[in-house]
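Asks: Structure below; questions to follow.
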Amino acid sequence: MDHYLRKIIELSTKSLDSGDVPIGAIIVKDNKIIGEGFNTREKNQDIMGHAEINAIKDASKRLNNWNLQGSIMYVTLKPCSMCMNVIRESRIDFVYYLLDKPEEKFEYSKTSIHNFDDEVAREQYLKILKDFFKKLREKNK
């Protein structure tokens, strides 16, 4: 465990050196580090450049698989809501973090989300979606 903690702190300093928020993350499976990442949002001007997402992308590339079931993520700071959703979607089993976010740090929440009011387009898209999942089920039989 000490090895993993040293590694995420080391990765966080790479973020700091590049002018980003110092956060580091690793993904471990079968006691081996399969992915690592640090914040690159400011450096690369990429909203997705969070340490957790970079670690997931690294692990997925190494395994040639987006599904990271059976793995554990270690990260220096509690993941934001975007990262938690990506972590869940990637099927990571456990997340361990060192620190909670400071109480005065709030996530941006002013975005307003609305449902289209178009029944014809909705039905058209529903058919596309149903056909896709039907083919997927047939493929996986």
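Identifiers in this document derive from the order of the structure tokens: chains are assigned A, B, ..., residues are numbered from 1 separately in each chain, and ligands are numbered from 1 in order of occurrence.
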Quick one: residues within 9 Å of Pro79 of chain A, only C-alpha atoms, excluding same-chain residues fewer than 4 positions away - as a ChimeraX atom specification?

Replies: /A:52,75,83-84,95,97,100-101

Asks: Could you name the residues that touch Asn54 of chain A at 9 Å or less, counting only C-alpha atoms, but leaving out those on the same chain fewer than 6 positions away, as a PyMOL selection string?

Replies: chain A and resi 25+35-40+48

Asks: Using only C-alpha atoms, which protein or nucleic acid residues come within 8 Å of Tyr4 of chain A? Drop anything in the same chain fewer than 3 positions from it, and give the result as a list in words.

Replies: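 Close residues of Tyr4 of chain A: Met1, Lys7, Ile8, Ile26 and Tyr74 of chain A.
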
Asks: Check the DSSP output for the backbone and give back, as a compact mmCIF listing (two decimals) with all heavy atoms, in the first residue's frame, the residues of segment 7-124 of chain A in helix (DSSP H, G or I).

Replies:
```txt
# COMPACT_ATOMS: atom_id res chain seq x y z
N LYS A 7 3.31 6.57 -5.09
CA LYS A 7 3.15 6.77 -6.53
C LYS A 7 2.12 7.87 -6.83
O LYS A 7 2.37 8.72 -7.69
CB LYS A 7 2.72 5.45 -7.20
CG LYS A 7 2.63 5.53 -8.70
CD LYS A 7 3.99 5.77 -9.32
CE LYS A 7 3.91 5.77 -10.83
NZ LYS A 7 5.19 6.10 -11.45
N ILE A 8 0.98 7.89 -6.14
CA ILE A 8 -0.02 8.92 -6.44
C ILE A 8 0.47 10.31 -6.01
O ILE A 8 0.17 11.30 -6.67
CB ILE A 8 -1.42 8.60 -5.86
CG1 ILE A 8 -1.43 8.48 -4.34
CG2 ILE A 8 -2.00 7.37 -6.54
CD1 ILE A 8 -2.81 8.29 -3.73
N ILE A 9 1.24 10.36 -4.93
CA ILE A 9 1.81 11.65 -4.52
C ILE A 9 2.86 12.11 -5.54
O ILE A 9 2.91 13.28 -5.91
CB ILE A 9 2.37 11.58 -3.09
CG1 ILE A 9 1.20 11.44 -2.10
CG2 ILE A 9 3.22 12.80 -2.76
CD1 ILE A 9 1.60 11.13 -0.67
N GLU A 10 3.68 11.18 -6.01
CA GLU A 10 4.67 11.50 -7.04
C GLU A 10 3.98 12.02 -8.31
O GLU A 10 4.39 13.02 -8.90
CB GLU A 10 5.48 10.24 -7.38
CG GLU A 10 6.40 10.37 -8.57
CD GLU A 10 6.92 9.01 -9.02
OE1 GLU A 10 7.31 8.20 -8.16
OE2 GLU A 10 6.94 8.77 -10.25
N LEU A 11 2.90 11.36 -8.72
CA LEU A 11 2.16 11.81 -9.90
C LEU A 11 1.54 13.19 -9.69
O LEU A 11 1.49 14.00 -10.61
CB LEU A 11 1.07 10.79 -10.27
CG LEU A 11 1.58 9.49 -10.88
CD1 LEU A 11 0.48 8.44 -10.89
CD2 LEU A 11 2.11 9.74 -12.29
N SER A 12 1.08 13.46 -8.47
CA SER A 12 0.48 14.76 -8.19
C SER A 12 1.49 15.89 -8.38
O SER A 12 1.14 16.99 -8.80
CB SER A 12 -0.15 14.81 -6.80
OG SER A 12 0.82 14.90 -5.80
N THR A 13 2.76 15.62 -8.08
CA THR A 13 3.78 16.66 -8.26
C THR A 13 4.04 16.93 -9.74
O THR A 13 4.42 18.04 -10.11
CB THR A 13 5.10 16.30 -7.55
OG1 THR A 13 5.64 15.12 -8.12
CG2 THR A 13 4.89 16.12 -6.06
N LYS A 14 3.79 15.93 -10.61
CA LYS A 14 3.91 16.17 -12.05
C LYS A 14 2.85 17.16 -12.50
O LYS A 14 3.12 18.00 -13.36
CB LYS A 14 3.79 14.86 -12.83
CG LYS A 14 4.99 13.96 -12.69
CD LYS A 14 4.86 12.74 -13.56
CE LYS A 14 6.10 11.87 -13.45
NZ LYS A 14 6.07 10.74 -14.37
N SER A 15 1.65 17.07 -11.93
CA SER A 15 0.59 18.05 -12.22
C SER A 15 1.04 19.43 -11.80
O SER A 15 0.91 20.41 -12.55
CB SER A 15 -0.69 17.72 -11.47
OG SER A 15 -1.21 16.48 -11.80
N LEU A 16 1.55 19.51 -10.59
CA LEU A 16 1.98 20.78 -10.02
C LEU A 16 3.08 21.41 -10.87
O LEU A 16 3.03 22.60 -11.17
CB LEU A 16 2.48 20.55 -8.59
CG LEU A 16 2.78 21.76 -7.74
CD1 LEU A 16 1.53 22.60 -7.55
CD2 LEU A 16 3.34 21.32 -6.40
N ASP A 17 4.02 20.59 -11.31
CA ASP A 17 5.13 21.09 -12.14
C ASP A 17 4.64 21.68 -13.46
O ASP A 17 5.29 22.55 -14.02
CB ASP A 17 6.14 19.97 -12.42
CG ASP A 17 6.90 19.53 -11.18
OD1 ASP A 17 6.87 20.27 -10.17
OD2 ASP A 17 7.51 18.44 -11.22
N ARG A 41 -5.36 19.26 -17.33
CA ARG A 41 -6.42 20.11 -17.87
C ARG A 41 -5.87 21.46 -18.34
O ARG A 41 -6.14 21.90 -19.45
CB ARG A 41 -7.53 20.30 -16.84
CG ARG A 41 -8.71 21.08 -17.41
CD ARG A 41 -9.90 21.02 -16.52
NE ARG A 41 -9.72 21.88 -15.36
CZ ARG A 41 -10.68 22.18 -14.51
NH1 ARG A 41 -11.88 21.67 -14.67
NH2 ARG A 41 -10.46 22.96 -13.49
N GLU A 42 -5.13 22.13 -17.49
CA GLU A 42 -4.57 23.45 -17.84
C GLU A 42 -3.46 23.32 -18.88
O GLU A 42 -3.43 24.06 -19.85
CB GLU A 42 -4.05 24.17 -16.60
CG GLU A 42 -5.13 24.49 -15.59
CD GLU A 42 -6.22 25.42 -16.12
OE1 GLU A 42 -5.90 26.29 -16.96
OE2 GLU A 42 -7.38 25.25 -15.73
N LYS A 43 -2.59 22.36 -18.67
CA LYS A 43 -1.46 22.16 -19.58
C LYS A 43 -1.94 21.91 -21.00
O LYS A 43 -1.42 22.48 -21.95
CB LYS A 43 -0.61 20.98 -19.10
CG LYS A 43 0.52 20.61 -20.01
CD LYS A 43 1.25 19.39 -19.48
CE LYS A 43 2.30 18.93 -20.45
NZ LYS A 43 2.86 17.63 -20.06
N ASN A 44 -2.94 21.05 -21.16
CA ASN A 44 -3.44 20.68 -22.49
C ASN A 44 -4.71 21.41 -22.89
O ASN A 44 -5.24 21.15 -23.97
CB ASN A 44 -3.70 19.17 -22.55
CG ASN A 44 -2.43 18.37 -22.37
OD1 ASN A 44 -1.33 18.84 -22.62
ND2 ASN A 44 -2.57 17.14 -21.92
N ALA A 51 -6.83 13.68 -13.47
CA ALA A 51 -5.94 12.56 -13.17
C ALA A 51 -6.65 11.22 -13.29
O ALA A 51 -6.11 10.27 -13.87
CB ALA A 51 -5.37 12.73 -11.76
N GLU A 52 -7.87 11.15 -12.77
CA GLU A 52 -8.61 9.89 -12.78
C GLU A 52 -8.92 9.45 -14.21
O GLU A 52 -8.77 8.27 -14.55
CB GLU A 52 -9.93 10.04 -12.00
CG GLU A 52 -9.74 10.43 -10.55
CD GLU A 52 -9.78 11.94 -10.29
OE1 GLU A 52 -9.37 12.72 -11.19
OE2 GLU A 52 -10.20 12.33 -9.20
N ILE A 53 -9.34 10.38 -15.04
CA ILE A 53 -9.68 10.05 -16.42
C ILE A 53 -8.42 9.68 -17.21
O ILE A 53 -8.43 8.73 -18.00
CB ILE A 53 -10.48 11.19 -17.08
CG1 ILE A 53 -11.86 11.27 -16.40
CG2 ILE A 53 -10.60 10.99 -18.59
CD1 ILE A 53 -12.71 12.43 -16.81
N ASN A 54 -7.33 10.40 -16.96
CA ASN A 54 -6.07 10.04 -17.61
C ASN A 54 -5.61 8.65 -17.20
O ASN A 54 -5.09 7.89 -18.03
CB ASN A 54 -5.00 11.09 -17.30
CG ASN A 54 -5.25 12.39 -18.03
OD1 ASN A 54 -5.90 12.42 -19.07
ND2 ASN A 54 -4.74 13.48 -17.50
N ALA A 55 -5.80 8.28 -15.93
CA ALA A 55 -5.43 6.94 -15.47
C ALA A 55 -6.32 5.88 -16.13
O ALA A 55 -5.84 4.81 -16.52
CB ALA A 55 -5.52 6.86 -13.94
N ILE A 56 -7.60 6.17 -16.25
CA ILE A 56 -8.53 5.23 -16.90
C ILE A 56 -8.15 5.05 -18.37
O ILE A 56 -8.12 3.92 -18.88
CB ILE A 56 -9.99 5.71 -16.75
CG1 ILE A 56 -10.44 5.55 -15.29
CG2 ILE A 56 -10.92 4.97 -17.70
CD1 ILE A 56 -11.74 6.26 -14.95
N LYS A 57 -7.86 6.13 -19.06
CA LYS A 57 -7.46 6.04 -20.46
C LYS A 57 -6.17 5.23 -20.61
O LYS A 57 -6.04 4.42 -21.53
CB LYS A 57 -7.30 7.44 -21.05
CG LYS A 57 -8.64 8.15 -21.23
CD LYS A 57 -8.49 9.62 -21.51
CE LYS A 57 -8.17 9.91 -22.93
NZ LYS A 57 -8.19 11.37 -23.23
N ASP A 58 -5.23 5.43 -19.69
CA ASP A 58 -3.96 4.70 -19.74
C ASP A 58 -4.21 3.20 -19.52
O ASP A 58 -3.70 2.37 -20.27
CB ASP A 58 -3.01 5.26 -18.68
CG ASP A 58 -1.63 4.65 -18.75
OD1 ASP A 58 -1.11 4.43 -19.87
OD2 ASP A 58 -1.05 4.37 -17.67
N ALA A 59 -5.00 2.87 -18.51
CA ALA A 59 -5.30 1.46 -18.23
C ALA A 59 -6.05 0.81 -19.38
O ALA A 59 -5.75 -0.32 -19.78
CB ALA A 59 -6.10 1.34 -16.93
N SER A 60 -7.02 1.52 -19.94
CA SER A 60 -7.81 0.97 -21.06
C SER A 60 -6.92 0.71 -22.27
O SER A 60 -7.08 -0.30 -22.96
CB SER A 60 -8.93 1.94 -21.43
OG SER A 60 -9.84 2.07 -20.37
N LYS A 61 -5.99 1.62 -22.51
CA LYS A 61 -5.07 1.46 -23.63
C LYS A 61 -4.16 0.25 -23.41
O LYS A 61 -3.96 -0.56 -24.31
CB LYS A 61 -4.24 2.73 -23.82
CG LYS A 61 -3.34 2.71 -25.02
CD LYS A 61 -2.61 4.03 -25.18
CE LYS A 61 -1.69 3.99 -26.38
NZ LYS A 61 -0.95 5.24 -26.54
N ARG A 62 -3.63 0.14 -22.19
CA ARG A 62 -2.72 -0.98 -21.88
C ARG A 62 -3.44 -2.33 -21.98
O ARG A 62 -2.85 -3.31 -22.43
CB ARG A 62 -2.14 -0.84 -20.48
CG ARG A 62 -1.13 0.26 -20.34
CD ARG A 62 -0.49 0.22 -18.98
NE ARG A 62 0.18 1.47 -18.65
CZ ARG A 62 0.98 1.61 -17.62
NH1 ARG A 62 1.20 0.60 -16.79
NH2 ARG A 62 1.56 2.77 -17.39
N LEU A 63 -4.70 -2.37 -21.53
CA LEU A 63 -5.45 -3.63 -21.54
C LEU A 63 -6.21 -3.85 -22.85
O LEU A 63 -6.78 -4.91 -23.06
CB LEU A 63 -6.45 -3.67 -20.38
CG LEU A 63 -5.88 -3.63 -18.97
CD1 LEU A 63 -7.00 -3.65 -17.94
CD2 LEU A 63 -4.91 -4.78 -18.73
N SER A 81 -17.63 14.87 -9.52
CA SER A 81 -18.78 14.11 -10.03
C SER A 81 -18.53 13.59 -11.45
O SER A 81 -18.92 12.47 -11.78
CB SER A 81 -20.04 14.96 -9.98
OG SER A 81 -19.89 16.13 -10.73
N MET A 82 -17.86 14.37 -12.31
CA MET A 82 -17.57 13.89 -13.66
C MET A 82 -16.69 12.65 -13.59
O MET A 82 -16.98 11.64 -14.24
CB MET A 82 -16.85 14.98 -14.47
CG MET A 82 -16.43 14.49 -15.85
SD MET A 82 -15.53 15.71 -16.83
CE MET A 82 -13.95 15.77 -15.99
N CYS A 83 -15.64 12.71 -12.79
CA CYS A 83 -14.73 11.57 -12.69
C CYS A 83 -15.42 10.35 -12.08
O CYS A 83 -15.22 9.23 -12.53
CB CYS A 83 -13.50 11.95 -11.88
SG CYS A 83 -12.40 13.07 -12.79
N MET A 84 -16.28 10.58 -11.08
CA MET A 84 -16.99 9.45 -10.48
C MET A 84 -17.88 8.76 -11.50
O MET A 84 -17.98 7.53 -11.51
CB MET A 84 -17.81 9.89 -9.27
CG MET A 84 -17.01 10.00 -7.98
SD MET A 84 -16.01 8.53 -7.56
CE MET A 84 -17.21 7.21 -7.54
N ASN A 85 -18.52 9.53 -12.37
CA ASN A 85 -19.35 8.91 -13.41
C ASN A 85 -18.50 8.09 -14.38
O ASN A 85 -18.88 6.98 -14.76
CB ASN A 85 -20.17 9.97 -14.15
CG ASN A 85 -21.35 10.42 -13.33
OD1 ASN A 85 -21.97 9.65 -12.62
ND2 ASN A 85 -21.66 11.70 -13.42
N VAL A 86 -17.34 8.61 -14.77
CA VAL A 86 -16.46 7.88 -15.68
C VAL A 86 -15.91 6.64 -14.98
O VAL A 86 -15.82 5.56 -15.58
CB VAL A 86 -15.33 8.79 -16.21
CG1 VAL A 86 -14.33 8.00 -17.04
CG2 VAL A 86 -15.92 9.93 -17.03
N ILE A 87 -15.57 6.76 -13.70
CA ILE A 87 -15.09 5.61 -12.93
C ILE A 87 -16.15 4.51 -12.90
O ILE A 87 -15.86 3.34 -13.13
CB ILE A 87 -14.70 6.05 -11.50
CG1 ILE A 87 -13.43 6.90 -11.54
CG2 ILE A 87 -14.54 4.85 -10.58
CD1 ILE A 87 -13.14 7.68 -10.26
N ARG A 88 -17.38 4.89 -12.62
CA ARG A 88 -18.48 3.91 -12.61
C ARG A 88 -18.66 3.26 -13.97
O ARG A 88 -18.84 2.05 -14.08
CB ARG A 88 -19.78 4.58 -12.17
CG ARG A 88 -19.84 4.88 -10.70
CD ARG A 88 -21.20 5.47 -10.31
NE ARG A 88 -21.19 5.86 -8.93
CZ ARG A 88 -21.10 7.12 -8.50
NH1 ARG A 88 -21.06 8.12 -9.37
NH2 ARG A 88 -21.09 7.40 -7.22
N GLU A 89 -18.64 4.08 -15.02
CA GLU A 89 -18.83 3.55 -16.37
C GLU A 89 -17.70 2.61 -16.79
O GLU A 89 -17.90 1.69 -17.57
CB GLU A 89 -18.95 4.69 -17.39
CG GLU A 89 -20.25 5.45 -17.30
CD GLU A 89 -21.47 4.61 -17.64
OE1 GLU A 89 -21.40 3.76 -18.57
OE2 GLU A 89 -22.51 4.79 -16.98
N GLU A 119 -41.77 14.50 -30.41
CA GLU A 119 -42.18 13.09 -30.35
C GLU A 119 -41.70 12.30 -31.57
O GLU A 119 -41.30 11.15 -31.45
CB GLU A 119 -43.70 12.98 -30.21
CG GLU A 119 -44.19 11.61 -29.82
CD GLU A 119 -43.65 11.13 -28.48
OE1 GLU A 119 -43.50 11.96 -27.56
OE2 GLU A 119 -43.37 9.92 -28.34
N VAL A 120 -41.71 12.91 -32.76
CA VAL A 120 -41.28 12.22 -33.98
C VAL A 120 -39.80 11.86 -33.89
O VAL A 120 -39.41 10.71 -34.14
CB VAL A 120 -41.58 13.09 -35.23
CG1 VAL A 120 -40.99 12.44 -36.49
CG2 VAL A 120 -43.07 13.31 -35.38
N ALA A 121 -38.96 12.82 -33.54
CA ALA A 121 -37.53 12.56 -33.41
C ALA A 121 -37.25 11.55 -32.29
O ALA A 121 -36.39 10.69 -32.43
CB ALA A 121 -36.77 13.85 -33.14
N ARG A 122 -38.00 11.65 -31.21
CA ARG A 122 -37.84 10.73 -30.08
C ARG A 122 -38.12 9.29 -30.53
O ARG A 122 -37.37 8.37 -30.22
CB ARG A 122 -38.77 11.14 -28.94
CG ARG A 122 -38.52 10.38 -27.66
CD ARG A 122 -39.40 10.86 -26.52
NE ARG A 122 -39.00 12.22 -26.13
CZ ARG A 122 -39.84 13.24 -26.02
NH1 ARG A 122 -41.12 13.10 -26.24
NH2 ARG A 122 -39.39 14.43 -25.67
N GLU A 123 -39.21 9.08 -31.28
CA GLU A 123 -39.56 7.74 -31.77
C GLU A 123 -38.52 7.23 -32.77
O GLU A 123 -38.17 6.05 -32.76
CB GLU A 123 -40.95 7.76 -32.42
CG GLU A 123 -42.09 7.90 -31.42
CD GLU A 123 -42.14 6.78 -30.39
OE1 GLU A 123 -41.95 5.60 -30.77
OE2 GLU A 123 -42.35 7.08 -29.20
N GLN A 124 -38.03 8.11 -33.62
CA GLN A 124 -37.01 7.74 -34.59
C GLN A 124 -35.75 7.26 -33.87
O GLN A 124 -35.17 6.23 -34.21
CB GLN A 124 -36.70 8.93 -35.49
CG GLN A 124 -35.68 8.65 -36.56
CD GLN A 124 -35.37 9.90 -37.38
OE1 GLN A 124 -35.84 11.00 -37.08
NE2 GLN A 124 -34.58 9.73 -38.42
```

Asks: So the first atom is atom CA of Leu68 of chain A and the second is atom CA of Asp93 of chain A; what is the distance between them in Å, to one decimal place?

Replies: 8.2 Å

Asks: So the first atom is atom CA of Asn67 of chain A and the second is atom CA of Ile92 of chain A; what is the distance between them in Å, to one decimal place?

Replies: 7.9 Å

Asks: What is the distance, in Å and to one decimal place, between atom CA of Leu5 of chain A and atom CA of Arg91 of chain A?

Replies: 21.9 Å

Asks: Which residues in segment 5-118 of chain A does DSSP call strand (DSSP E or B)? List them as a ChimeraX atom specification.

Replies: /A:24-29,32-38,72-77,94-99

Asks: Using N, CA, C and O atoms, can you write the selected residues to a file as an mmCIF file, in the first residue's frame?

Replies:
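The result, stored in result.cif:
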```
data_model
loop_
_atom_site.group_PDB
_atom_site.id
_atom_site.type_symbol
_atom_site.label_atom_id
_atom_site.label_comp_id
_atom_site.auth_asym_id
_atom_site.auth_seq_id
_atom_site.Cartn_x
_atom_site.Cartn_y
_atom_site.Cartn_z
ATOM 1 N N GLY A 24 -2.933 13.090 -8.420
ATOM 2 C CA GLY A 24 -2.393 11.898 -9.068
ATOM 3 C C GLY A 24 -3.300 10.715 -8.826
ATOM 4 O O GLY A 24 -3.950 10.622 -7.788
ATOM 5 N N ALA A 25 -3.346 9.794 -9.787
ATOM 6 C CA ALA A 25 -4.202 8.615 -9.685
ATOM 7 C C ALA A 25 -3.533 7.415 -10.335
ATOM 8 O O ALA A 25 -2.820 7.562 -11.334
ATOM 9 N N ILE A 26 -3.777 6.249 -9.767
ATOM 10 C CA ILE A 26 -3.333 4.994 -10.374
ATOM 11 C C ILE A 26 -4.490 4.002 -10.325
ATOM 12 O O ILE A 26 -5.408 4.125 -9.503
ATOM 13 N N ILE A 27 -4.416 3.023 -11.202
ATOM 14 C CA ILE A 27 -5.373 1.915 -11.211
ATOM 15 C C ILE A 27 -4.570 0.638 -11.068
ATOM 16 O O ILE A 27 -3.563 0.437 -11.764
ATOM 17 N N VAL A 28 -5.026 -0.206 -10.145
ATOM 18 C CA VAL A 28 -4.316 -1.441 -9.817
ATOM 19 C C VAL A 28 -5.235 -2.633 -10.062
ATOM 20 O O VAL A 28 -6.420 -2.600 -9.699
ATOM 21 N N LYS A 29 -4.681 -3.661 -10.688
ATOM 22 C CA LYS A 29 -5.411 -4.913 -10.886
ATOM 23 C C LYS A 29 -4.433 -6.051 -10.676
ATOM 24 O O LYS A 29 -3.319 -6.018 -11.206
ATOM 25 N N LYS A 32 -0.896 -5.136 -9.635
ATOM 26 C CA LYS A 32 -0.013 -4.470 -10.585
ATOM 27 C C LYS A 32 -0.661 -3.161 -11.025
ATOM 28 O O LYS A 32 -1.864 -3.103 -11.263
ATOM 29 N N ILE A 33 0.147 -2.112 -11.152
ATOM 30 C CA ILE A 33 -0.355 -0.835 -11.661
ATOM 31 C C ILE A 33 -0.592 -0.995 -13.163
ATOM 32 O O ILE A 33 0.337 -1.289 -13.917
ATOM 33 N N ILE A 34 -1.857 -0.806 -13.562
ATOM 34 C CA ILE A 34 -2.209 -0.949 -14.973
ATOM 35 C C ILE A 34 -2.492 0.400 -15.634
ATOM 36 O O ILE A 34 -2.646 0.478 -16.852
ATOM 37 N N GLY A 35 -2.592 1.451 -14.828
ATOM 38 C CA GLY A 35 -2.846 2.773 -15.379
ATOM 39 C C GLY A 35 -2.431 3.844 -14.394
ATOM 40 O O GLY A 35 -2.528 3.652 -13.190
ATOM 41 N N GLU A 36 -1.972 4.953 -14.917
ATOM 42 C CA GLU A 36 -1.621 6.077 -14.051
ATOM 43 C C GLU A 36 -1.923 7.381 -14.760
ATOM 44 O O GLU A 36 -1.960 7.439 -15.994
ATOM 45 N N GLY A 37 -2.178 8.407 -13.955
ATOM 46 C CA GLY A 37 -2.479 9.697 -14.543
ATOM 47 C C GLY A 37 -2.325 10.821 -13.547
ATOM 48 O O GLY A 37 -2.309 10.597 -12.331
ATOM 49 N N PHE A 38 -2.192 12.014 -14.090
ATOM 50 C CA PHE A 38 -2.155 13.223 -13.274
ATOM 51 C C PHE A 38 -2.884 14.305 -14.042
ATOM 52 O O PHE A 38 -3.140 14.166 -15.249
ATOM 53 N N ILE A 72 -8.847 -1.438 -8.880
ATOM 54 C CA ILE A 72 -8.967 -0.474 -7.776
ATOM 55 C C ILE A 72 -8.259 0.809 -8.201
ATOM 56 O O ILE A 72 -7.167 0.755 -8.783
ATOM 57 N N MET A 73 -8.890 1.943 -7.893
ATOM 58 C CA MET A 73 -8.243 3.226 -8.155
ATOM 59 C C MET A 73 -7.783 3.829 -6.837
ATOM 60 O O MET A 73 -8.512 3.802 -5.851
ATOM 61 N N TYR A 74 -6.577 4.392 -6.848
ATOM 62 C CA TYR A 74 -6.040 5.157 -5.729
ATOM 63 C C TYR A 74 -5.804 6.570 -6.258
ATOM 64 O O TYR A 74 -5.184 6.742 -7.311
ATOM 65 N N VAL A 75 -6.301 7.570 -5.525
ATOM 66 C CA VAL A 75 -6.207 8.953 -5.993
ATOM 67 C C VAL A 75 -5.958 9.872 -4.800
ATOM 68 O O VAL A 75 -6.380 9.575 -3.684
ATOM 69 N N THR A 76 -5.279 10.975 -5.038
ATOM 70 C CA THR A 76 -4.910 11.867 -3.938
ATOM 71 C C THR A 76 -6.083 12.671 -3.391
ATOM 72 O O THR A 76 -6.145 12.939 -2.196
ATOM 73 N N LEU A 77 -7.025 13.075 -4.259
ATOM 74 C CA LEU A 77 -8.155 13.903 -3.835
ATOM 75 C C LEU A 77 -9.459 13.233 -4.255
ATOM 76 O O LEU A 77 -9.513 12.618 -5.326
ATOM 77 N N PHE A 94 -13.359 -0.363 -6.761
ATOM 78 C CA PHE A 94 -13.145 0.421 -5.549
ATOM 79 C C PHE A 94 -12.325 1.668 -5.863
ATOM 80 O O PHE A 94 -11.463 1.630 -6.739
ATOM 81 N N VAL A 95 -12.584 2.746 -5.103
ATOM 82 C CA VAL A 95 -11.784 3.964 -5.191
ATOM 83 C C VAL A 95 -11.360 4.331 -3.774
ATOM 84 O O VAL A 95 -12.194 4.403 -2.871
ATOM 85 N N TYR A 96 -10.063 4.552 -3.577
ATOM 86 C CA TYR A 96 -9.527 5.016 -2.303
ATOM 87 C C TYR A 96 -8.874 6.371 -2.543
ATOM 88 O O TYR A 96 -8.110 6.526 -3.502
ATOM 89 N N TYR A 97 -9.184 7.355 -1.705
ATOM 90 C CA TYR A 97 -8.603 8.681 -1.864
ATOM 91 C C TYR A 97 -8.030 9.159 -0.536
ATOM 92 O O TYR A 97 -8.464 8.749 0.537
ATOM 93 N N LEU A 98 -7.017 10.046 -0.620
ATOM 94 C CA LEU A 98 -6.343 10.557 0.573
ATOM 95 C C LEU A 98 -7.116 11.682 1.257
ATOM 96 O O LEU A 98 -7.271 11.686 2.466
ATOM 97 N N LEU A 99 -7.567 12.666 0.490
ATOM 98 C CA LEU A 99 -8.194 13.854 1.076
ATOM 99 C C LEU A 99 -9.532 14.164 0.430
ATOM 100 O O LEU A 99 -9.711 13.972 -0.770
#
```
